[in-house]
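Visitor: Have a look at this one before I ask anything.
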Amino acid sequence: MSQAQVKTPPVKSTVLPKIAHLSEDIVYKTNKKGNPLALDLYIPKNVATEKIPVLIYVHGGGWIEGDKVVHADNYLETTVEKLMAKQYAVISINYTLLNDSTHFPLPLEDTKDAIRWVRKNADKYHFDTNNIGLFGASAGAHLSLMAAYTPDNTYLGSPELSSYSAKVNYVIDHYGPADLNKLFHTRLGTIPVGMIGLMSKKIVGLQENLVKGISGYDIRKDQDRAIDYLNTLSPVNFVSEGVPTLIVQGNNDKIVPLNQSKKLHRKLNRAKIQNALIIVDGGVHGFGTTDKAYLDKITDEMVDFVLSQKK
């Protein structure tokens, strides 16, 4: 955390409004709690094509925080900038954040509803519905993988959108959790958790609260149910219906271990789903310490991947 405190707080991108038509805070649905959810739409200024392919970005923040704002001077901004030049529309979405009384599947319904919204509004914005992809970071990568790999008619959210398909062509996963039970060590159960508790209250508190936030189950009282539910929310269990996937993760990630990405990569290979794993040398969670030139190369590889998936 000390690194983050030295830096000035992030500011909103000033580059993108110059090169894109930016429509902010378009409400794409009302969630089951009755709250409106919004997205920001970036469309290239000089669109030459009839129909524009779409990439939907899903932000990170541990399912409990974060938002759709694209900040200045980070690799997300660079990626959007490069996609504007390639005549892609980019959409950045907000979704329902978890808390004590708000659990899955709400954020997953929202992610799939954003794809459905693109199809519903294709004529209005000239979206090419044959070319829709997802790009997520951290918790947003988990949501993107789940949205991409689960059957089309699952996780229906808003009734106004439910008749539209949520299928996508590909997904880009940046340091996303792929096996939640492994990530949260749920199988260790109450005794080892108690032992860890002696060492670090914070880790266990966070682990228990996240498991409860995601599943609604208390890991101490309902371990089996929590484990079963987290299995239904783990992308590694849905690879058979997967789409082409680009996985990008640092080998110095202390928040989501690299073995999460490696396991997903192995499972996709076994299922014969096209995929690639880019390991960022020395990369931490969020790539905050990786130099610009290295990140620039990675954003080029991402854009190449996106273009390679165009139908």
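To be explicit about the labels: the chains of the structure tokens are called A, B, and onward in the order shown, and within each one the residues are counted from 1, while ligands get numbers from 1 in the order they are shown.
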Near segment 36-43 of chain A, within 10 Å and counting only C-alpha atoms, which residues show up once chain neighbours fewer than 5 positions away are dropped, as a ChimeraX atom specification?
Guide: /A:16-17,19-31,52,54-57,67-70,80-81,83-84,87-96,110,114,125,127
Visitor: Can you tell me, as a ChimeraX atom specification, which residues in segment 148-305 of chain A count as helix (DSSP H, G or I) by DSSP?
Guide: /A:148-149,180-184,186-188,190-199,201-215,223-231,235-241,258-270,292-305
Visitor: Rank nothing, just name the residue among A:Leu145, A:Ala226, A:Ile219, A:Val248 nearest to Val284 of chain A, using only C-alpha atoms.
Guide: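 Smallest distance to Val284 of chain A is found for A:Val248.
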Visitor: So that I can check the surroundings of segment 163-166 of chain A, please list as a PyMOL selection string every protein, DNA and RNA residue that reaches within 7 Å of it, counting only C-alpha atoms and ignoring chain neighbours fewer than 3 positions away.
Guide: chain A and resi 112+115-116+119-120+152
Visitor: Let me see the file: selected residues, N, CA and C atoms, as an mmCIF file, in the first residue's frame.
Guide:
```
data_model
loop_
_atom_site.group_PDB
_atom_site.id
_atom_site.type_symbol
_atom_site.label_atom_id
_atom_site.label_comp_id
_atom_site.auth_asym_id
_atom_site.auth_seq_id
_atom_site.Cartn_x
_atom_site.Cartn_y
_atom_site.Cartn_z
ATOM 1 N N LYS A 112 -23.303 -9.721 -18.050
ATOM 2 C CA LYS A 112 -23.967 -10.316 -19.211
ATOM 3 C C LYS A 112 -25.017 -9.371 -19.795
ATOM 4 N N ILE A 115 -23.587 -6.928 -22.290
ATOM 5 C CA ILE A 115 -23.439 -7.512 -23.632
ATOM 6 C C ILE A 115 -24.796 -7.499 -24.340
ATOM 7 N N ARG A 116 -25.838 -7.859 -23.593
ATOM 8 C CA ARG A 116 -27.199 -7.857 -24.167
ATOM 9 C C ARG A 116 -27.600 -6.439 -24.587
ATOM 10 N N ARG A 119 -26.312 -5.541 -27.965
ATOM 11 C CA ARG A 119 -27.140 -6.102 -29.052
ATOM 12 C C ARG A 119 -28.455 -5.339 -29.190
ATOM 13 N N LYS A 120 -29.034 -4.969 -28.080
ATOM 14 C CA LYS A 120 -30.315 -4.248 -28.142
ATOM 15 C C LYS A 120 -30.153 -2.884 -28.824
ATOM 16 N N ASP A 152 -25.472 -19.055 -22.695
ATOM 17 C CA ASP A 152 -26.087 -17.788 -23.071
ATOM 18 C C ASP A 152 -27.303 -17.426 -22.213
#
```
Visitor: Which of these, A:Arg270, A:Lys45, A:His174, A:Arg225, has the shortest distance to Leu246 of chain A once you count only C-alpha atoms?
Guide: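 Of A:Arg270, A:Lys45, A:His174, A:Arg225, the one nearest Leu246 of chain A is A:His174, counting only C-alpha atoms.
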Visitor: With 12 Å as the cut-off and only C-alpha atoms counted, what is the closest atom pair between each nearby residue of segment 118-184 of chain A and segment 292-304 of chain A? Distances in Å to one decimal, ordered by chain and number, as a Markdown table.
Guide:
```
| residue | atom | partner | partner_atom | distance |
| --- | --- | --- | --- | --- |
| A:Gly133 | CA | A:Val303 | CA | 11.6 |
| A:Leu134 | CA | A:Met302 | CA | 11.7 |
| A:Phe135 | CA | A:Met302 | CA | 9.6 |
| A:Tyr170 | CA | A:Met302 | CA | 11.5 |
| A:Val171 | CA | A:Met302 | CA | 10.4 |
| A:Ile172 | CA | A:Met302 | CA | 7.8 |
| A:Asp173 | CA | A:Met302 | CA | 10.2 |
| A:His174 | CA | A:Met302 | CA | 10.4 |
```
Visitor: As a list in words, please: the residues near Val211 of chain A (cut-off 10 Å, only C-alpha atoms, same-chain neighbours under 2 positions excluded).
Guide: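 My reading of the contact set: His103, Leu180, Asn181, Phe184, Thr186, Gly205, Leu206, Gln207, Glu208, Asn209, Gly213, Ile214, Ser215, Gly216, Tyr217, Asp218, Ile219, Gln223, Ala226, Ile227, Tyr229 and Leu230 of chain A.
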Visitor: Could you pull out all residues of segment 185-297 of chain A with a DSSP call of strand (DSSP E) and give them as an MDAnalysis selection string?
Guide: chainID A and resid 245:250 275:280
Visitor: I need the residues from that last selection saved to file as a tab-separated table (two decimals), in the first residue's frame (with N, CA and C atoms), if you can.
Guide:
```tsv
chain	number	residue	atom	x	y	z
A	245	THR	N	-9.18	-16.99	-25.40
A	245	THR	CA	-8.87	-16.26	-24.16
A	245	THR	C	-7.41	-15.83	-24.15
A	246	LEU	N	-7.18	-14.56	-23.85
A	246	LEU	CA	-5.83	-14.06	-23.63
A	246	LEU	C	-5.68	-13.77	-22.14
A	247	ILE	N	-4.72	-14.45	-21.50
A	247	ILE	CA	-4.50	-14.29	-20.06
A	247	ILE	C	-3.21	-13.51	-19.86
A	248	VAL	N	-3.26	-12.46	-19.05
A	248	VAL	CA	-2.07	-11.64	-18.79
A	248	VAL	C	-1.92	-11.48	-17.29
A	249	GLN	N	-0.78	-11.92	-16.74
A	249	GLN	CA	-0.57	-11.79	-15.30
A	249	GLN	C	0.90	-11.67	-14.96
A	250	GLY	N	1.20	-10.96	-13.89
A	250	GLY	CA	2.57	-10.80	-13.41
A	250	GLY	C	2.99	-11.97	-12.55
A	275	ASN	N	-6.03	-20.21	-26.61
A	275	ASN	CA	-5.69	-19.29	-25.52
A	275	ASN	C	-4.20	-19.06	-25.47
A	276	ALA	N	-3.81	-17.99	-24.81
A	276	ALA	CA	-2.39	-17.69	-24.60
A	276	ALA	C	-2.23	-17.08	-23.22
A	277	LEU	N	-1.09	-17.39	-22.60
A	277	LEU	CA	-0.78	-16.81	-21.28
A	277	LEU	C	0.47	-15.96	-21.43
A	278	ILE	N	0.33	-14.68	-21.16
A	278	ILE	CA	1.48	-13.77	-21.14
A	278	ILE	C	1.85	-13.52	-19.68
A	279	ILE	N	3.07	-13.90	-19.30
A	279	ILE	CA	3.51	-13.66	-17.93
A	279	ILE	C	4.38	-12.40	-17.92
A	280	VAL	N	3.94	-11.40	-17.17
A	280	VAL	CA	4.67	-10.13	-17.08
A	280	VAL	C	5.76	-10.28	-16.03
```
Visitor: Could you check the closest approach to Val256 of chain A for each of A:Leu307, A:Ala178, A:Ile64, A:Ala72 and tell me which residue wins, using only C-alpha atoms?
Guide: A:Ala178
Visitor: Work out how far atom CA of Phe305 of chain A is from atom CA of Asn130 of chain A, in Å to one decimal.
Guide: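 Atom-to-atom, atom CA of Asn130 of chain A to atom CA of Phe305 of chain A, that is 16.2 Å.
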Visitor: Calculated over only C-alpha atoms, which of the candidates A:Thr49, A:Asn259, A:Thr111, A:Asn169 has the smallest distance to Lys311 of chain A?
Guide: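 Closest to Lys311 of chain A, using only C-alpha atoms: A:Asn169.
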Visitor: I'd like the interatomic distance between atom CA of Val239 of chain A and atom CA of Lys267 of chain A, to a tenth of an Å.
Guide: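 Taking atom CA of Val239 of chain A as the start and atom CA of Lys267 of chain A as the end point, the length is 6.7 Å.
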Visitor: Rank A:Ser138, A:Val306, A:Leu156, A:Arg266 by their smallest atom-to-atom distance to Asp253 of chain A, using only C-alpha atoms, and report the top residue only.
Guide: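 Nearest candidate to Asp253 of chain A out of A:Ser138, A:Val306, A:Leu156, A:Arg266: A:Ser138.
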Visitor: Provide the atom CA of Leu97 of chain A to atom CA of His71 of chain A distance in Å, to one decimal place.
Guide: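 Separation between atom CA of Leu97 of chain A and atom CA of His71 of chain A: 19.7 Å.
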Visitor: Out of A:Gly283, A:Val243, A:Leu76, A:Gly34, which residue has the shortest atom-to-atom distance to Ala137 of chain A when counting only C-alpha atoms?
Guide: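 Going through A:Gly283, A:Val243, A:Leu76, A:Gly34 one by one, the smallest distance to Ala137 of chain A is for A:Leu76.
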